[in-house]
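Novice: My structure is below; once you've seen it, I'll send some questions.
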Amino acid sequence: MARAAPGCAGPGAGRMKILGFVLLVSGWAIVLTAVALLTEDLPRAAFVLAGIGVEIVGLALVIRAHPARRGEHE
Amino acid sequence: MSALSNTNAFCVAFILLVPLAGAGLALINTGLGRSRGAAQLMMSSLCVVSIAALAYFVCGFAFQGRPDQSAHWLTIGGKPWSWLGNGHLFLHHVELDGSPASLAALLGTLTAGIAALIPLGAGADRWRLGACSISTALLAGWTYPLFAHWVWGGGWLAQLGSNYGLGEGFIDAGGASTIQVIGGLTALSIAWILGPRRGKYTHEGIPTAIPGHNAVLVLFGCVLALAGWWGLNSSGAILFNGADRGVAVRVLINTLLSAASAALAAAVATHARFGKPDASLTANGWIGGLAASSGACAFVDPLEAAFIGVMAGIVVTLSVEWFELRVAVDDPGGSIAAHAMGGLWGVLSVGIFARLPIEASGVQPTAPRPGQWLAQLVGIATLVGFVLPLTYGLNWLLNRVYPQRASAEGERQGMDLYELGAGAYPEFMTHGEEFTER
């Protein structure tokens with residue numbers, strides 16, 4: 001049986017979660033900026049994809065910051 | 001004089017089917033949960049639908065707005081970005097006469113409830129009734145209408161075509177993003193905030209199986225959900241994408257084919273993986289196929305709809321396993337995989353397959369519009385990069401002032417007895433040993 005990936009349960013989890021959400025919003029900001037400021041198709045598409053890449057990194061951090069609560073047994 | 005044209009009359013008939021989607025989701029969530037929380041989950045479903053309808057009536061429709069109504073604007077780079085509807089609270093000044101605006105209000109009152117039902121599956125067996133009620137008010141009164149304005153109310157996502165030449169702008173015929181992904185991402189937030197059910201993971205982090213208590217409810221719920229999705233997709237295509245009522249036949253066929261393909265793909269995938277087809281994962285696949293169909297149902301051929309369904313079934317099956325085994329997200333109803341992942345695939349499928357716009361004669365272009373895929377990607381980036389932090393933040397704040405998770409005693413006792421004082425099946429009291437140390 002597979003195990004859940006070990007998460008960050010220590011005091012760094014809160015900071016990791018905040019950083020993850022900051023990256024999520026930053027990636028979205030990159031996407032919006034690309035749409036608003038760039039006019040040529042290729043650079044605009046590249047920056048939109050780059051913004052989504054930043055979002056994926058942020059999502060990975062948020063996931064790592066939410067470990068299973070191992071001590072939920074009686 | 002009534003504004004109810006023939007097309008709008010068809011639309012009313014389709015909207016009448018939408019509550020069946022809610023009934024289906026409620027049965028699926030309940031069947032996949034524990035028997036000792038069944039009554040509380042059905043009670044929560046009824047409360048959630050009621051609160052969502054009221055919240056949407058109070059302020060939701062005002063925030064969502066309509067493309068032909070005034071809105072709050074920002075000017076960025078010389079282009080107008082409509083970000084919030086500027087309607088009146090309590091449906092004031094909305095003529096309830098069968099006009100498109102009145103039908104949008106009717107549909108939204110129901111679909112806000114559908115979106116709010118989705119997180120119940122992820123929070124099953126540990127989410128307090130009061131907490132899910134307040135969370136629903138936040139979802140139906142703010143998060144859902146805000147994004148629905150961007151997509152269906154003439155907001156900046158819908159304007160990506162006219163402002164920046166990205167295809168026809170962000171397109172979502174039946175609510176793959178506005179209903180399914182919004183609900184699915186809220187479900188993910190709730191699962192994170194609540195944490196897994198007691199006994200779900202051992203001290204070593206190994207997940208244990210807590211099977212749903214009634215597969216019959218789950219599979220019957222799937223059938224009801226199909227009828228509801230027919231209503232969602234058809235009325236959405238007519239109201240928000242200007243489709244003629246004749247397009248409804250294509251929508252009905254595509255919706256069925258997508259769900260059927262997804263369910264079969266999930267059954268085959270689970271058979272290949274575990275040696276036997278899994279009923280709950282097949283049901284999740286069916287719902288994932290429905291969620292995916294909502295994006296492009298009006299703009300693709302049946303063969304493409306079936307392919308969208310097959311991909312949805314595979315994505316949902318893999319996602320359920322990934323969430324449970326790899327990232328320790330306990331989602332008893334499979335809501336995150338079916339609705340968020342299925343819906344995201346549905347949104348993306350518009351950019352890959354949809355041929356827009358449909359002419360008045362019903363004739364479709366032969367190829368997708370250039371830039372449509374980029375508009376859909378911008379929508380996906382908005383869902384993940386804005387809606388997820390928003391809905392997580394709102395529920396995190398709520399959890400700080402009103403703890404959302406039931407106490408340990410409540411979970412041990414069962415949510416039925418703990419919150420309602422009576423069980424769903426008083427003559428059948430058999431409890432498993434999930435709480436023993438492993």
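Chains: A, B, ... in order of the structure tokens. Residues: from 1 per chain. Ligands: from 1, in order shown.
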Excluding same-chain residues fewer than 4 positions from Ile18 (chain A), what lies within 9 Å of it counting only C-alpha atoms, as a VMD selection string?
Specialist: chain A and resid 13 to 14 22 to 23 61 to 62
Novice: As a PyMOL selection string, list the residues of region 72-124 of chain B assigned to helix (DSSP H, G or I) by DSSP on the backbone atoms of this structure.
Specialist: chain B and resi 89-91+100-122
Novice: Write the residues of the preceding selection, restricted to N, CA and C atoms, as a short mmCIF file (atom, residue, chain, number, x, y, z; two decimals), in the first residue's frame.
Specialist:
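Okay, part_27.cif is ready:
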```cif
data_model
loop_
_atom_site.label_atom_id
_atom_site.label_comp_id
_atom_site.auth_asym_id
_atom_site.auth_seq_id
_atom_site.Cartn_x
_atom_site.Cartn_y
_atom_site.Cartn_z
N LEU B 89 -29.92 44.55 -4.93
CA LEU B 89 -30.11 43.45 -4.00
C LEU B 89 -31.55 42.96 -4.05
N PHE B 90 -31.75 41.73 -3.57
CA PHE B 90 -33.08 41.13 -3.45
C PHE B 90 -33.84 41.06 -4.78
N LEU B 91 -33.12 40.95 -5.88
CA LEU B 91 -33.73 40.84 -7.22
C LEU B 91 -34.62 42.04 -7.56
N PRO B 100 -34.76 36.73 -20.45
CA PRO B 100 -33.48 36.06 -20.17
C PRO B 100 -32.91 36.44 -18.80
N ALA B 101 -33.08 37.70 -18.38
CA ALA B 101 -32.54 38.09 -17.07
C ALA B 101 -33.25 37.33 -15.95
N SER B 102 -34.55 37.18 -16.07
CA SER B 102 -35.28 36.48 -15.01
C SER B 102 -34.92 35.00 -15.01
N LEU B 103 -34.70 34.42 -16.21
CA LEU B 103 -34.31 33.01 -16.27
C LEU B 103 -32.91 32.81 -15.70
N ALA B 104 -32.02 33.78 -15.94
CA ALA B 104 -30.67 33.69 -15.36
C ALA B 104 -30.75 33.74 -13.85
N ALA B 105 -31.67 34.56 -13.31
CA ALA B 105 -31.84 34.62 -11.85
C ALA B 105 -32.35 33.29 -11.31
N LEU B 106 -33.32 32.72 -12.03
CA LEU B 106 -33.87 31.42 -11.59
C LEU B 106 -32.79 30.34 -11.63
N LEU B 107 -32.06 30.29 -12.74
CA LEU B 107 -31.01 29.26 -12.87
C LEU B 107 -29.93 29.46 -11.82
N GLY B 108 -29.53 30.71 -11.59
CA GLY B 108 -28.47 30.97 -10.60
C GLY B 108 -28.89 30.60 -9.20
N THR B 109 -30.16 30.80 -8.87
CA THR B 109 -30.65 30.43 -7.54
C THR B 109 -30.48 28.94 -7.30
N LEU B 110 -30.60 28.16 -8.37
CA LEU B 110 -30.43 26.71 -8.24
C LEU B 110 -28.96 26.29 -8.33
N THR B 111 -28.23 26.90 -9.27
CA THR B 111 -26.85 26.44 -9.49
C THR B 111 -25.91 26.84 -8.34
N ALA B 112 -26.23 27.93 -7.66
CA ALA B 112 -25.42 28.25 -6.47
C ALA B 112 -25.53 27.12 -5.45
N GLY B 113 -26.72 26.53 -5.36
CA GLY B 113 -26.90 25.39 -4.45
C GLY B 113 -26.15 24.16 -4.93
N ILE B 114 -26.12 23.95 -6.25
CA ILE B 114 -25.36 22.80 -6.78
C ILE B 114 -23.88 22.95 -6.44
N ALA B 115 -23.35 24.16 -6.65
CA ALA B 115 -21.93 24.39 -6.32
C ALA B 115 -21.68 24.16 -4.84
N ALA B 116 -22.63 24.59 -4.01
CA ALA B 116 -22.43 24.47 -2.56
C ALA B 116 -22.58 23.03 -2.06
N LEU B 117 -23.26 22.17 -2.82
CA LEU B 117 -23.40 20.77 -2.42
C LEU B 117 -22.09 20.01 -2.59
N ILE B 118 -21.25 20.47 -3.50
CA ILE B 118 -20.04 19.71 -3.84
C ILE B 118 -19.09 19.57 -2.64
N PRO B 119 -18.82 20.64 -1.86
CA PRO B 119 -17.91 20.47 -0.71
C PRO B 119 -18.44 19.53 0.36
N LEU B 120 -19.76 19.30 0.40
CA LEU B 120 -20.30 18.39 1.42
C LEU B 120 -19.70 17.00 1.29
N GLY B 121 -19.42 16.58 0.06
CA GLY B 121 -18.83 15.25 -0.14
C GLY B 121 -17.45 15.16 0.45
N ALA B 122 -16.68 16.26 0.38
CA ALA B 122 -15.32 16.24 0.92
C ALA B 122 -15.32 16.35 2.44
#
```
Novice: Env of Val25 (chain A): 8 Å cut, atoms = only C-alpha atoms, seq-sep filter 4 positions within chain, self excluded. Answer as a PyMOL selection string.
Specialist: (chain A and resi 21+29+55) or (chain B and resi 385-386+389)
Novice: Find the residues of chain B that sit at most 6 Å from chain A; for each, write down the nearest two atoms and how far apart they are in Å, to one decimal. Count only C-alpha atoms. Sort by chain, then by number going up, and give it as JSON lines.
Specialist:
```
{"residue": "B:Arg198", "atom": "CA", "partner": "A:Glu72", "partner_atom": "CA", "distance": 5.1}
{"residue": "B:Gly199", "atom": "CA", "partner": "A:His73", "partner_atom": "CA", "distance": 5.7}
{"residue": "B:His203", "atom": "CA", "partner": "A:Arg70", "partner_atom": "CA", "distance": 5.0}
{"residue": "B:Gly205", "atom": "CA", "partner": "A:Ala4", "partner_atom": "CA", "distance": 5.7}
{"residue": "B:Ile206", "atom": "CA", "partner": "A:Arg3", "partner_atom": "CA", "distance": 4.8}
{"residue": "B:Leu325", "atom": "CA", "partner": "A:Ala4", "partner_atom": "CA", "distance": 4.9}
{"residue": "B:Arg326", "atom": "CA", "partner": "A:Ala4", "partner_atom": "CA", "distance": 4.3}
{"residue": "B:Val327", "atom": "CA", "partner": "A:Ala4", "partner_atom": "CA", "distance": 5.5}
{"residue": "B:Ala328", "atom": "CA", "partner": "A:Ala4", "partner_atom": "CA", "distance": 5.3}
{"residue": "B:Ala381", "atom": "CA", "partner": "A:Trp28", "partner_atom": "CA", "distance": 5.9}
{"residue": "B:Gly385", "atom": "CA", "partner": "A:Leu24", "partner_atom": "CA", "distance": 4.6}
{"residue": "B:Phe386", "atom": "CA", "partner": "A:Val25", "partner_atom": "CA", "distance": 5.9}
```
Novice: Any chance you could export the current selection's N, CA, C and O atoms as a PDB file, in the first residue's frame?
Specialist:
```pdb
ATOM      1  N   ARG B 198     -10.998  10.673  11.494  1.00  0.00           N
ATOM      2  CA  ARG B 198     -10.247   9.877  12.461  1.00  0.00           C
ATOM      3  C   ARG B 198     -10.171   8.436  11.984  1.00  0.00           C
ATOM      4  O   ARG B 198     -11.168   7.855  11.607  1.00  0.00           O
ATOM      5  N   GLY B 199      -8.977   7.899  12.008  1.00  0.00           N
ATOM      6  CA  GLY B 199      -8.789   6.524  11.587  1.00  0.00           C
ATOM      7  C   GLY B 199      -8.508   6.374  10.108  1.00  0.00           C
ATOM      8  O   GLY B 199      -8.259   5.269   9.633  1.00  0.00           O
ATOM      9  N   HIS B 203      -0.593   5.892  12.012  1.00  0.00           N
ATOM     10  CA  HIS B 203       0.526   6.711  12.474  1.00  0.00           C
ATOM     11  C   HIS B 203       1.635   6.762  11.443  1.00  0.00           C
ATOM     12  O   HIS B 203       2.398   7.721  11.368  1.00  0.00           O
ATOM     13  N   GLY B 205       1.165   6.889   8.311  1.00  0.00           N
ATOM     14  CA  GLY B 205       0.699   7.627   7.140  1.00  0.00           C
ATOM     15  C   GLY B 205       0.081   6.756   6.068  1.00  0.00           C
ATOM     16  O   GLY B 205      -0.125   7.200   4.940  1.00  0.00           O
ATOM     17  N   ILE B 206      -0.215   5.503   6.423  1.00  0.00           N
ATOM     18  CA  ILE B 206      -0.831   4.615   5.438  1.00  0.00           C
ATOM     19  C   ILE B 206      -2.346   4.802   5.478  1.00  0.00           C
ATOM     20  O   ILE B 206      -2.956   4.688   6.549  1.00  0.00           O
ATOM     21  N   LEU B 325      -3.813   8.788  -1.623  1.00  0.00           N
ATOM     22  CA  LEU B 325      -2.584   8.070  -1.272  1.00  0.00           C
ATOM     23  C   LEU B 325      -1.364   8.961  -1.229  1.00  0.00           C
ATOM     24  O   LEU B 325      -0.462   8.744  -0.435  1.00  0.00           O
ATOM     25  N   ARG B 326      -1.286   9.941  -2.079  1.00  0.00           N
ATOM     26  CA  ARG B 326      -0.043  10.709  -2.214  1.00  0.00           C
ATOM     27  C   ARG B 326      -0.040  12.017  -1.436  1.00  0.00           C
ATOM     28  O   ARG B 326       1.003  12.429  -0.957  1.00  0.00           O
ATOM     29  N   VAL B 327      -1.180  12.681  -1.380  1.00  0.00           N
ATOM     30  CA  VAL B 327      -1.165  13.988  -0.710  1.00  0.00           C
ATOM     31  C   VAL B 327      -2.067  14.025   0.516  1.00  0.00           C
ATOM     32  O   VAL B 327      -2.290  15.080   1.090  1.00  0.00           O
ATOM     33  N   ALA B 328      -2.572  12.845   0.927  1.00  0.00           N
ATOM     34  CA  ALA B 328      -3.281  12.714   2.196  1.00  0.00           C
ATOM     35  C   ALA B 328      -4.480  13.648   2.321  1.00  0.00           C
ATOM     36  O   ALA B 328      -4.718  14.230   3.373  1.00  0.00           O
ATOM     37  N   ALA B 381      -6.074  29.525 -15.008  1.00  0.00           N
ATOM     38  CA  ALA B 381      -5.128  30.214 -14.125  1.00  0.00           C
ATOM     39  C   ALA B 381      -5.878  31.042 -13.087  1.00  0.00           C
ATOM     40  O   ALA B 381      -5.457  31.154 -11.928  1.00  0.00           O
ATOM     41  N   GLY B 385      -5.320  30.298  -9.360  1.00  0.00           N
ATOM     42  CA  GLY B 385      -4.514  31.355  -8.757  1.00  0.00           C
ATOM     43  C   GLY B 385      -5.305  32.396  -7.985  1.00  0.00           C
ATOM     44  O   GLY B 385      -4.734  33.114  -7.159  1.00  0.00           O
ATOM     45  N   PHE B 386      -6.594  32.475  -8.228  1.00  0.00           N
ATOM     46  CA  PHE B 386      -7.401  33.460  -7.497  1.00  0.00           C
ATOM     47  C   PHE B 386      -8.509  32.815  -6.675  1.00  0.00           C
ATOM     48  O   PHE B 386      -8.652  33.089  -5.480  1.00  0.00           O
TER      49      PHE B 386
END
```
Novice: Tell me, as a PyMOL selection string, which residues lie within 9 Å of Leu20 (chain B), counting only C-alpha atoms; anything in the same chain fewer than 5 positions away does not count.
Specialist: chain B and resi 25+221+224-229+231
Novice: What's around Leu157 (chain B) at 7 Å? Count only C-alpha atoms, leave out sequence neighbours fewer than 2 positions away in its own chain, and write the answer as a ChimeraX atom specification.
Specialist: /B:150-151,155,159-160,169-170,379
Novice: So, with only C-alpha atoms as the atoms that count, which of B:Tyr418, B:Tyr56, B:Trp192, B:Trp156 lies closest to Ile336 (chain B)?
Specialist: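 Smallest separation from Ile336 (chain B) among the options: B:Trp192.
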Novice: Given the choices B:Pro80, B:Gly393, B:Gly423, B:Pro277, which gets closest to Lys17 (chain A) if the distance is worked out from only C-alpha atoms?
Specialist: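 Counting only C-alpha atoms, the residue closest to Lys17 (chain A) is B:Gly393.
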Novice: Just give me the gap between CA of Asp301 (chain B) and CA of Phe220 (chain B) in Å, one decimal is fine.
Specialist: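 So the answer is 27.8 Å.
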Novice: Just to confirm, what's the straight-line distance from CA of Leu17 (chain B) to CA of Gly212 (chain B) in Å (one decimal)?
Specialist: 26.9 Å
Novice: Can you list, as a PyMOL selection string, every protein, DNA or RNA residue that comes within 12 Å of Leu397 (chain B) when you count only C-alpha atoms, leaving out same-chain residues fewer than 4 positions away?
Specialist: chain B and resi 131+134-135+138+189-190+193+389-393+401-404
Novice: What lies within 12 Å of Glu40 (chain A) using only C-alpha atoms, ignoring chain neighbours under 6 positions off, as a ChimeraX atom specification?
Specialist: /A:34,46-47 /B:164-166,371
Novice: Output N, CA and C atoms for every residue in the selection just made, as a compact mmCIF listing (two decimals), in the first residue's frame.
Specialist:
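Result written to selection.txt:
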```txt
# COMPACT_ATOMS: atom_id res chain seq x y z
N ALA A 34 0.40 39.53 -18.61
CA ALA A 34 0.68 39.10 -19.98
C ALA A 34 -0.48 39.42 -20.91
N ALA A 46 3.59 32.52 -23.99
CA ALA A 46 4.71 32.07 -23.16
C ALA A 46 4.58 32.58 -21.73
N PHE A 47 4.19 33.83 -21.57
CA PHE A 47 4.05 34.38 -20.22
C PHE A 47 2.84 33.80 -19.49
N TYR B 164 -9.01 41.45 -26.38
CA TYR B 164 -7.63 41.02 -26.67
C TYR B 164 -7.53 40.00 -27.80
N GLY B 165 -8.63 39.72 -28.47
CA GLY B 165 -8.59 38.81 -29.61
C GLY B 165 -8.35 37.37 -29.26
N LEU B 166 -8.66 36.98 -28.01
CA LEU B 166 -8.46 35.58 -27.61
C LEU B 166 -9.74 34.80 -27.92
N GLY B 371 -6.63 31.31 -30.62
CA GLY B 371 -6.58 32.00 -29.33
C GLY B 371 -7.58 31.50 -28.31
```
